[in-house]
Every structure is written in structure tokens, then in C-alpha cells.
Amino acid sequence: MRGPLRLGVNIDHVATIRNARGGLHPDPLRAAKLAESAGADGITAHLREDRRHISDDDIMRLTNELAVPLNLEMAPTDEMLDIALRHKPHAACIVPEKRKEVTTEGGLDVVAGYPHLEPYVRALGEAGSLVSLFIDPDREQVCAAAQIGVPVIEIHTGAFCDSHQFERERELQRIVDAAALADELGLECHAGHGLTFDTVTPVAKISSIVELNIGHFLIGEAIFGGLESSIKRIRVLMDQARSELEGARSA
Ligand code: PXP
């Protein structure tokens, strides 16, 4: 076991709701502080090129006012690098970004994108951020991430979360295998995308994964039971999965 399983709460979609009316409410910083007190170990925010949810001002306020670490998700562009170098977030997760996509649809192609990505990885690392690459659970991508020199990968769990019952085991196995390979190669392993109360447990039981980043479902669920309650519930599920794993190992 690599350590306790951390929860990063992604607050992008609080900003989505705020931006729907162009005002200040609901404030993602307020949500981030509430997430902190409900048990989040970190806050994740994606500053997109089109600023559809999180704004530059949000990143400044999150950087200045959060007690827990900020994980900035960013596309590998010069504009985003400048912003990251100015704010020096605790962690920077490089993600692929397409203007027309509704959400981050798949992982980075680190194999093909190696020459483009490498200078961003290096510059962010030199600035002191813990750099990760958001990749699909694919052997070649994990190996390329190790070669490029990142300390961390984040595995895209979207295909698993969206899969039909008959393909679920296969999709989960892909994550298990990618996490095991990351571990072997000395990479810290995170995971996220599409996780819910129903899908979090099997992923939380993968011992080499040390952080889950969860957003859309928690913010959506907050409509029905409140943000504090949705975060506490996912925290309980993560902790239960981890202690079952510990129990199975010591039995
Ligand atoms: N991790 C990364 C790298 C992401 O891009 C996202 C979505 O912004 C998430 C985790 C969280 O995904 P979701 O909002 O589906 O929980």
C-alpha cells in the first residue's frame, strides 16, 4: 500500500452554474472551502482556454486562500504555462483540451506528443509543481509518461465509469494493469473522471492509486443533499474500500 487514498474535489462545475447567469454566485472558492472542511485533501480546478467555467480570478483566489493544495488542470499551451508559472500551484495536471468537447474526453497521447509535452513538463517541474499527465489506462502511455520524467500520472477512469456491465471488468482491469505498471516504474498514480458513489469503490481498492479527483458527480449530487454530504459520502466509500483492501491483505 502506497499510503492513504487522498480525495481531490474538482469545483469546476460550481463555476459552470455561476457563469450561467454571469454573476458571482455560487462562488467556487466558497465551495472549495466547504470541500476542505468536509474532508477533501485537495482542490482541483481546470482553467480552460475558453474559460467556460473556472476563471483566471478564481485561480488567483484559490491559490491565495486555500489551506489544502491546489491541483491546476491545464492544457499544454504557452498561455497556461505562463499562468501556472505565475501562481505556482502545488500540482499541475496536464490534460488534452479540445474546444468543442463537453469534458476531457480521453487522455493525452504522450507517445505522439512527447516533443511538445516535454518542455511543459520540465518548466512546471522546475517551478516546483508536482506535474502529472492525464492518460488513458494504456501500457504505452504509462511507459511514455515515465520516460518524459513526470513524477505522477492520473489515469482517466471515464471508459470504466461509462462502460456497460459486460465490459466493466475489462475496463477495470485496464486501470488495475496501468496502475501496477506505474508503480513498477516509480510513478505516483492518481485517477479520476466520471467517478460516482457507484463506481468509486473498485477504483479505490487499487492499492497503488493514492489520489482520486472527483467533480461533476459531487457537484450534481450536492443539489439533492448538499455539497458537504456528497463529499462526506464519497470519503466514506473511499475509506471503506481501503480498509476492506487492508483487511483482505492481512487475512
Ligand atoms: N481528473 C481530470 C484530469 C479531469 O480533467 C477531470 C474533469 O475535469 C476530473 C478528474 C474530474 O472528472 P469528473 O468531473 O467527471 O469527476
# chains A, B, ... in the order shown; residues from 1 in each chain; ligands from 1
$ residues_around --residues "Ile155 of chain A" --least-positions-apart "2" --cutoff "7 Å" --atoms "only C-alpha atoms" --output "ChimeraX atom specification"
/A:134-137,153,157,190-192
$ write_last_selection --atoms "N, CA, C and O atoms" --output "PDB file, in the first residue's frame"
ATOM      1  N   PHE A 134      -2.432  13.360 -17.624  1.00  0.00           N
ATOM      2  CA  PHE A 134      -3.726  12.672 -17.599  1.00  0.00           C
ATOM      3  C   PHE A 134      -3.770  11.735 -18.795  1.00  0.00           C
ATOM      4  O   PHE A 134      -3.801  12.182 -19.947  1.00  0.00           O
ATOM      5  N   ILE A 135      -3.745  10.434 -18.528  1.00  0.00           N
ATOM      6  CA  ILE A 135      -3.631   9.467 -19.630  1.00  0.00           C
ATOM      7  C   ILE A 135      -4.647   8.339 -19.489  1.00  0.00           C
ATOM      8  O   ILE A 135      -5.122   8.049 -18.395  1.00  0.00           O
ATOM      9  N   ASP A 136      -4.933   7.715 -20.609  1.00  0.00           N
ATOM     10  CA  ASP A 136      -5.788   6.531 -20.589  1.00  0.00           C
ATOM     11  C   ASP A 136      -4.998   5.369 -19.967  1.00  0.00           C
ATOM     12  O   ASP A 136      -3.762   5.377 -19.977  1.00  0.00           O
ATOM     13  N   PRO A 137      -5.707   4.373 -19.451  1.00  0.00           N
ATOM     14  CA  PRO A 137      -5.003   3.227 -18.858  1.00  0.00           C
ATOM     15  C   PRO A 137      -4.406   2.337 -19.941  1.00  0.00           C
ATOM     16  O   PRO A 137      -4.939   1.283 -20.272  1.00  0.00           O
ATOM     17  N   ILE A 153       1.211  10.159 -12.689  1.00  0.00           N
ATOM     18  CA  ILE A 153       0.220  10.079 -13.766  1.00  0.00           C
ATOM     19  C   ILE A 153      -1.171  10.085 -13.142  1.00  0.00           C
ATOM     20  O   ILE A 153      -1.344   9.660 -11.990  1.00  0.00           O
ATOM     21  N   THR A 157     -10.508   7.516 -15.822  1.00  0.00           N
ATOM     22  CA  THR A 157     -11.403   6.416 -15.464  1.00  0.00           C
ATOM     23  C   THR A 157     -12.735   6.489 -16.222  1.00  0.00           C
ATOM     24  O   THR A 157     -13.657   5.712 -15.934  1.00  0.00           O
ATOM     25  N   HIS A 190      -2.572   8.619  -9.738  1.00  0.00           N
ATOM     26  CA  HIS A 190      -3.870   9.188  -9.388  1.00  0.00           C
ATOM     27  C   HIS A 190      -4.886   8.691 -10.408  1.00  0.00           C
ATOM     28  O   HIS A 190      -4.510   8.131 -11.440  1.00  0.00           O
ATOM     29  N   ALA A 191      -6.167   8.921 -10.130  1.00  0.00           N
ATOM     30  CA  ALA A 191      -7.189   8.510 -11.099  1.00  0.00           C
ATOM     31  C   ALA A 191      -8.389   9.433 -10.974  1.00  0.00           C
ATOM     32  O   ALA A 191      -8.620  10.045  -9.930  1.00  0.00           O
ATOM     33  N   GLY A 192      -9.141   9.543 -12.037  1.00  0.00           N
ATOM     34  CA  GLY A 192     -10.355  10.346 -11.990  1.00  0.00           C
ATOM     35  C   GLY A 192     -11.034  10.460 -13.326  1.00  0.00           C
ATOM     36  O   GLY A 192     -10.465  10.118 -14.366  1.00  0.00           O
TER      37      GLY A 192
END
$ closest_atom_pairs --of "chain A" --to "ligand 1" --cutoff "7 Å" --atoms "only C-alpha atoms and all ligand atoms" --output "JSON lines"
{"residue": "A:Asn10", "atom": "CA", "partner": "ligand 1", "partner_atom_place_in_ligand_line": "11 (C)", "distance": 6.0}
{"residue": "A:His46", "atom": "CA", "partner": "ligand 1", "partner_atom_place_in_ligand_line": "8 (O)", "distance": 6.1}
{"residue": "A:Glu73", "atom": "CA", "partner": "ligand 1", "partner_atom_place_in_ligand_line": "3 (C)", "distance": 6.3}
{"residue": "A:Cys93", "atom": "CA", "partner": "ligand 1", "partner_atom_place_in_ligand_line": "3 (C)", "distance": 6.4}
{"residue": "A:Val95", "atom": "CA", "partner": "ligand 1", "partner_atom_place_in_ligand_line": "3 (C)", "distance": 6.0}
{"residue": "A:Thr103", "atom": "CA", "partner": "ligand 1", "partner_atom_place_in_ligand_line": "7 (C)", "distance": 6.4}
{"residue": "A:Thr104", "atom": "CA", "partner": "ligand 1", "partner_atom_place_in_ligand_line": "5 (O)", "distance": 5.2}
{"residue": "A:Phe134", "atom": "CA", "partner": "ligand 1", "partner_atom_place_in_ligand_line": "3 (C)", "distance": 5.4}
{"residue": "A:Glu154", "atom": "CA", "partner": "ligand 1", "partner_atom_place_in_ligand_line": "3 (C)", "distance": 6.6}
{"residue": "A:His156", "atom": "CA", "partner": "ligand 1", "partner_atom_place_in_ligand_line": "1 (N)", "distance": 7.0}
{"residue": "A:Ala191", "atom": "CA", "partner": "ligand 1", "partner_atom_place_in_ligand_line": "1 (N)", "distance": 6.8}
{"residue": "A:Gly192", "atom": "CA", "partner": "ligand 1", "partner_atom_place_in_ligand_line": "10 (C)", "distance": 4.2}
{"residue": "A:His193", "atom": "CA", "partner": "ligand 1", "partner_atom_place_in_ligand_line": "12 (O)", "distance": 3.3}
{"residue": "A:Gly194", "atom": "CA", "partner": "ligand 1", "partner_atom_place_in_ligand_line": "15 (O)", "distance": 3.5}
{"residue": "A:Leu195", "atom": "CA", "partner": "ligand 1", "partner_atom_place_in_ligand_line": "16 (O)", "distance": 5.4}
{"residue": "A:Asn213", "atom": "CA", "partner": "ligand 1", "partner_atom_place_in_ligand_line": "10 (C)", "distance": 4.6}
{"residue": "A:Ile214", "atom": "CA", "partner": "ligand 1", "partner_atom_place_in_ligand_line": "16 (O)", "distance": 3.7}
{"residue": "A:Gly215", "atom": "CA", "partner": "ligand 1", "partner_atom_place_in_ligand_line": "16 (O)", "distance": 3.6}
{"residue": "A:His216", "atom": "CA", "partner": "ligand 1", "partner_atom_place_in_ligand_line": "14 (O)", "distance": 3.7}
{"residue": "A:Phe217", "atom": "CA", "partner": "ligand 1", "partner_atom_place_in_ligand_line": "16 (O)", "distance": 5.8}
$ write_last_selection --atoms "C-alpha atoms" --output "tab-separated table (two decimals), in the first residue's frame"
chain	number	residue	atom	x	y	z
A	10	ASN	CA	-12.94	19.34	-8.58
A	46	HIS	CA	-9.36	23.24	-14.74
A	73	GLU	CA	-5.54	21.15	-14.64
A	93	CYS	CA	-2.04	18.12	-14.24
A	95	VAL	CA	-4.71	17.42	-19.86
A	103	THR	CA	-15.48	17.42	-20.94
A	104	THR	CA	-11.94	15.98	-21.15
A	134	PHE	CA	-3.73	12.67	-17.60
A	154	GLU	CA	-3.53	10.45	-13.49
A	156	HIS	CA	-8.62	8.52	-16.98
A	191	ALA	CA	-7.19	8.51	-11.10
A	192	GLY	CA	-10.35	10.35	-11.99
A	193	HIS	CA	-13.16	11.24	-14.36
A	194	GLY	CA	-16.76	10.16	-14.14
A	195	LEU	CA	-16.46	8.62	-10.66
A	213	ASN	CA	-10.07	13.55	-8.38
A	214	ILE	CA	-13.84	13.80	-8.48
A	215	GLY	CA	-16.01	16.71	-9.59
A	216	HIS	CA	-19.12	16.59	-11.73
A	217	PHE	CA	-20.95	13.91	-9.78
$ closest_residue --among "A:Ala45, A:Ala178, A:Val9, A:Leu29" --to "Leu66 of chain A" --atoms "only C-alpha atoms"
A:Leu29
$ closest_residue --among "A:Glu65, A:Asp109, A:Glu221, A:Asp57" --to "Val142 of chain A" --atoms "only C-alpha atoms"
A:Asp109
$ select_by_dssp --residues "segment 76-242 of chain A" --states "helix (DSSP H, G or I)" --output "ChimeraX atom specification"
/A:78-87,110-126,139-148,158-162,165-184,200-204,216-225,227-242
$ write_last_selection --atoms "C-alpha atoms" --output "CSV table (one decimal), in the first residue's frame"
chain,number,residue,atom,x,y,z
A,78,ASP,CA,2.1,28.7,-23.6
A,79,GLU,CA,-0.7,30.7,-22.2
A,80,MET,CA,-1.5,28.1,-19.5
A,81,LEU,CA,2.2,27.7,-18.7
A,82,ASP,CA,2.6,31.4,-18.0
A,83,ILE,CA,-0.4,31.3,-15.7
A,84,ALA,CA,0.9,28.2,-13.9
A,85,LEU,CA,4.4,29.8,-13.5
A,86,ARG,CA,2.8,32.9,-12.0
A,87,HIS,CA,0.7,31.0,-9.5
A,110,VAL,CA,2.2,11.1,-24.6
A,111,VAL,CA,3.7,8.8,-27.2
A,112,ALA,CA,3.0,11.0,-30.2
A,113,GLY,CA,3.0,14.3,-28.2
A,114,TYR,CA,6.3,13.7,-26.4
A,115,PRO,CA,8.3,16.5,-28.1
A,116,HIS,CA,5.5,19.0,-27.5
A,117,LEU,CA,4.8,17.9,-23.9
A,118,GLU,CA,8.4,17.6,-22.6
A,119,PRO,CA,9.2,21.4,-22.3
A,120,TYR,CA,6.0,21.9,-20.3
A,121,VAL,CA,6.7,19.0,-18.0
A,122,ARG,CA,10.2,20.4,-17.4
A,123,ALA,CA,9.2,24.0,-16.9
A,124,LEU,CA,6.4,23.2,-14.4
A,125,GLY,CA,8.7,20.8,-12.5
A,126,GLU,CA,11.4,23.4,-12.3
A,139,ARG,CA,0.7,0.5,-21.3
A,140,GLU,CA,2.5,2.6,-23.9
A,141,GLN,CA,1.1,5.8,-22.4
A,142,VAL,CA,2.3,4.9,-18.9
A,143,CYS,CA,5.8,4.0,-20.3
A,144,ALA,CA,6.0,7.3,-22.2
A,145,ALA,CA,5.0,9.2,-19.1
A,146,ALA,CA,7.8,7.6,-17.2
A,147,GLN,CA,10.2,8.4,-19.9
A,148,ILE,CA,9.2,12.0,-20.1
A,158,GLY,CA,-14.1,7.6,-17.9
A,159,ALA,CA,-14.2,4.5,-20.0
A,160,PHE,CA,-14.7,2.3,-16.9
A,161,CYS,CA,-17.3,4.6,-15.5
A,162,ASP,CA,-19.3,4.8,-18.7
A,165,GLN,CA,-22.0,-4.2,-17.3
A,166,PHE,CA,-20.5,-6.7,-19.7
A,167,GLU,CA,-17.3,-4.6,-20.4
A,168,ARG,CA,-16.9,-3.3,-16.8
A,169,GLU,CA,-14.4,-6.0,-15.6
A,170,ARG,CA,-12.3,-5.5,-18.7
A,171,GLU,CA,-12.2,-1.7,-18.3
A,172,LEU,CA,-11.4,-2.0,-14.6
A,173,GLN,CA,-8.6,-4.5,-15.4
A,174,ARG,CA,-7.1,-1.9,-17.7
A,175,ILE,CA,-6.9,0.5,-14.8
A,176,VAL,CA,-5.5,-2.1,-12.5
A,177,ASP,CA,-2.8,-3.0,-15.0
A,178,ALA,CA,-1.9,0.6,-15.7
A,179,ALA,CA,-1.6,1.4,-12.0
A,180,ALA,CA,0.6,-1.6,-11.4
A,181,LEU,CA,2.9,-0.6,-14.2
A,182,ALA,CA,3.0,2.9,-12.9
A,183,ASP,CA,4.0,1.6,-9.5
A,184,GLU,CA,6.7,-0.6,-11.1
A,200,VAL,CA,-15.7,4.7,-6.8
A,201,THR,CA,-15.3,1.5,-4.7
A,202,PRO,CA,-13.4,-0.8,-7.2
A,203,VAL,CA,-11.1,2.1,-8.2
A,204,ALA,CA,-10.4,2.9,-4.5
A,216,HIS,CA,-19.1,16.6,-11.7
A,217,PHE,CA,-21.0,13.9,-9.8
A,218,LEU,CA,-20.3,15.5,-6.4
A,219,ILE,CA,-21.4,18.9,-7.5
A,220,GLY,CA,-24.5,17.4,-9.2
A,221,GLU,CA,-25.3,15.3,-6.1
A,222,ALA,CA,-25.0,18.5,-3.9
A,223,ILE,CA,-28.2,19.7,-5.5
A,224,PHE,CA,-30.1,16.9,-3.7
A,225,GLY,CA,-28.2,16.5,-0.4
A,227,LEU,CA,-22.0,19.5,-1.0
A,228,GLU,CA,-20.8,18.6,2.5
A,229,SER,CA,-23.0,15.5,2.4
A,230,SER,CA,-21.9,14.3,-1.1
A,231,ILE,CA,-18.2,14.8,-0.2
A,232,LYS,CA,-18.5,13.0,3.2
A,233,ARG,CA,-20.3,10.1,1.5
A,234,ILE,CA,-17.7,9.6,-1.2
A,235,ARG,CA,-15.0,9.9,1.5
A,236,VAL,CA,-16.7,7.1,3.5
A,237,LEU,CA,-16.9,4.9,0.4
A,238,MET,CA,-13.2,5.5,-0.4
A,239,ASP,CA,-12.2,4.8,3.2
A,240,GLN,CA,-14.3,1.7,3.4
A,241,ALA,CA,-12.8,0.4,0.1
A,242,ARG,CA,-9.3,1.0,1.5
$ atom_distance --atom1 "atom CA of Ala31 of chain A" --atom2 "atom CA of Ala15 of chain A"
9.7 Å
$ select_by_dssp --residues "segment 41-74 of chain A" --states "strand (DSSP E)" --output "ChimeraX atom specification"
/A:42-46,70-74
$ write_last_selection --atoms "all heavy atoms" --output "mmCIF file, in the first residue's frame"
data_model
loop_
_atom_site.group_PDB
_atom_site.id
_atom_site.type_symbol
_atom_site.label_atom_id
_atom_site.label_comp_id
_atom_site.auth_asym_id
_atom_site.auth_seq_id
_atom_site.Cartn_x
_atom_site.Cartn_y
_atom_site.Cartn_z
ATOM 1 N N GLY A 42 -7.522 17.968 -1.213
ATOM 2 C CA GLY A 42 -7.027 18.949 -2.171
ATOM 3 C C GLY A 42 -8.181 19.433 -3.020
ATOM 4 O O GLY A 42 -9.269 18.842 -3.012
ATOM 5 N N ILE A 43 -7.931 20.526 -3.741
ATOM 6 C CA ILE A 43 -8.934 21.073 -4.661
ATOM 7 C C ILE A 43 -8.344 21.061 -6.059
ATOM 8 O O ILE A 43 -7.172 21.423 -6.254
ATOM 9 C CB ILE A 43 -9.321 22.523 -4.252
ATOM 10 C CG1 ILE A 43 -9.962 22.542 -2.850
ATOM 11 C CG2 ILE A 43 -10.243 23.162 -5.300
ATOM 12 C CD1 ILE A 43 -11.273 21.781 -2.706
ATOM 13 N N THR A 44 -9.171 20.628 -7.009
ATOM 14 C CA THR A 44 -8.747 20.592 -8.406
ATOM 15 C C THR A 44 -9.590 21.572 -9.203
ATOM 16 O O THR A 44 -10.800 21.682 -8.987
ATOM 17 C CB THR A 44 -8.901 19.156 -8.955
ATOM 18 O OG1 THR A 44 -7.980 18.315 -8.261
ATOM 19 C CG2 THR A 44 -8.611 19.076 -10.427
ATOM 20 N N ALA A 45 -8.929 22.303 -10.100
ATOM 21 C CA ALA A 45 -9.656 23.253 -10.957
ATOM 22 C C ALA A 45 -9.001 23.263 -12.332
ATOM 23 O O ALA A 45 -7.777 23.237 -12.442
ATOM 24 C CB ALA A 45 -9.609 24.650 -10.341
ATOM 25 N N HIS A 46 -9.839 23.267 -13.357
ATOM 26 C CA HIS A 46 -9.356 23.243 -14.744
ATOM 27 C C HIS A 46 -9.605 24.607 -15.364
ATOM 28 O O HIS A 46 -10.749 25.008 -15.576
ATOM 29 C CB HIS A 46 -10.127 22.147 -15.503
ATOM 30 C CG HIS A 46 -9.662 21.925 -16.901
ATOM 31 N ND1 HIS A 46 -10.179 20.920 -17.687
ATOM 32 C CD2 HIS A 46 -8.732 22.554 -17.679
ATOM 33 C CE1 HIS A 46 -9.595 20.941 -18.885
ATOM 34 N NE2 HIS A 46 -8.727 21.938 -18.903
ATOM 35 N N LEU A 70 -3.679 23.032 -4.144
ATOM 36 C CA LEU A 70 -4.436 23.230 -5.390
ATOM 37 C C LEU A 70 -3.774 22.434 -6.506
ATOM 38 O O LEU A 70 -2.560 22.499 -6.709
ATOM 39 C CB LEU A 70 -4.452 24.720 -5.771
ATOM 40 C CG LEU A 70 -5.115 25.027 -7.132
ATOM 41 C CD1 LEU A 70 -6.617 24.742 -7.094
ATOM 42 C CD2 LEU A 70 -4.874 26.483 -7.546
ATOM 43 N N ASN A 71 -4.597 21.685 -7.224
ATOM 44 C CA ASN A 71 -4.150 20.946 -8.403
ATOM 45 C C ASN A 71 -4.745 21.660 -9.616
ATOM 46 O O ASN A 71 -5.954 21.664 -9.807
ATOM 47 C CB ASN A 71 -4.671 19.503 -8.290
ATOM 48 C CG ASN A 71 -4.401 18.672 -9.526
ATOM 49 O OD1 ASN A 71 -3.418 18.886 -10.228
ATOM 50 N ND2 ASN A 71 -5.285 17.724 -9.789
ATOM 51 N N LEU A 72 -3.893 22.306 -10.397
ATOM 52 C CA LEU A 72 -4.363 23.046 -11.575
ATOM 53 C C LEU A 72 -4.331 22.121 -12.786
ATOM 54 O O LEU A 72 -3.267 21.640 -13.181
ATOM 55 C CB LEU A 72 -3.449 24.264 -11.818
ATOM 56 C CG LEU A 72 -3.728 25.050 -13.109
ATOM 57 C CD1 LEU A 72 -5.067 25.773 -13.040
ATOM 58 C CD2 LEU A 72 -2.608 26.055 -13.386
ATOM 59 N N GLU A 73 -5.492 21.898 -13.376
ATOM 60 C CA GLU A 73 -5.536 21.147 -14.642
ATOM 61 C C GLU A 73 -5.369 22.144 -15.769
ATOM 62 O O GLU A 73 -6.043 23.183 -15.796
ATOM 63 C CB GLU A 73 -6.882 20.436 -14.784
ATOM 64 C CG GLU A 73 -7.054 19.290 -13.835
ATOM 65 C CD GLU A 73 -8.426 18.647 -13.988
ATOM 66 O OE1 GLU A 73 -9.194 19.036 -14.882
ATOM 67 O OE2 GLU A 73 -8.717 17.764 -13.196
ATOM 68 N N MET A 74 -4.521 21.809 -16.692
ATOM 69 C CA MET A 74 -4.191 22.776 -17.753
ATOM 70 C C MET A 74 -3.804 22.072 -19.049
ATOM 71 O O MET A 74 -3.213 20.986 -19.046
ATOM 72 C CB MET A 74 -3.038 23.666 -17.296
ATOM 73 C CG MET A 74 -1.827 22.891 -16.788
ATOM 74 S SD MET A 74 -0.436 23.936 -16.363
ATOM 75 C CE MET A 74 0.358 24.123 -17.977
#
$ atom_distance --atom1 "atom CA of Pro96 of chain A" --atom2 "atom CA of Glu211 of chain A"
19.8 Å
$ residues_around --residues "Val68 of chain A" --least-positions-apart "5" --cutoff "10 Å" --atoms "only C-alpha atoms" --output "ChimeraX atom specification"
/A:8,32-33,35-37,40-43,62-63,90
$ closest_residue --among "A:Glu101, A:Asp12, A:Cys189, A:Ile54" --to "Leu212 of chain A" --atoms "only C-alpha atoms"
A:Cys189
$ atom_distance --atom1 "atom CA of Leu47 of chain A" --atom2 "atom CA of Glu97 of chain A"
10.5 Å
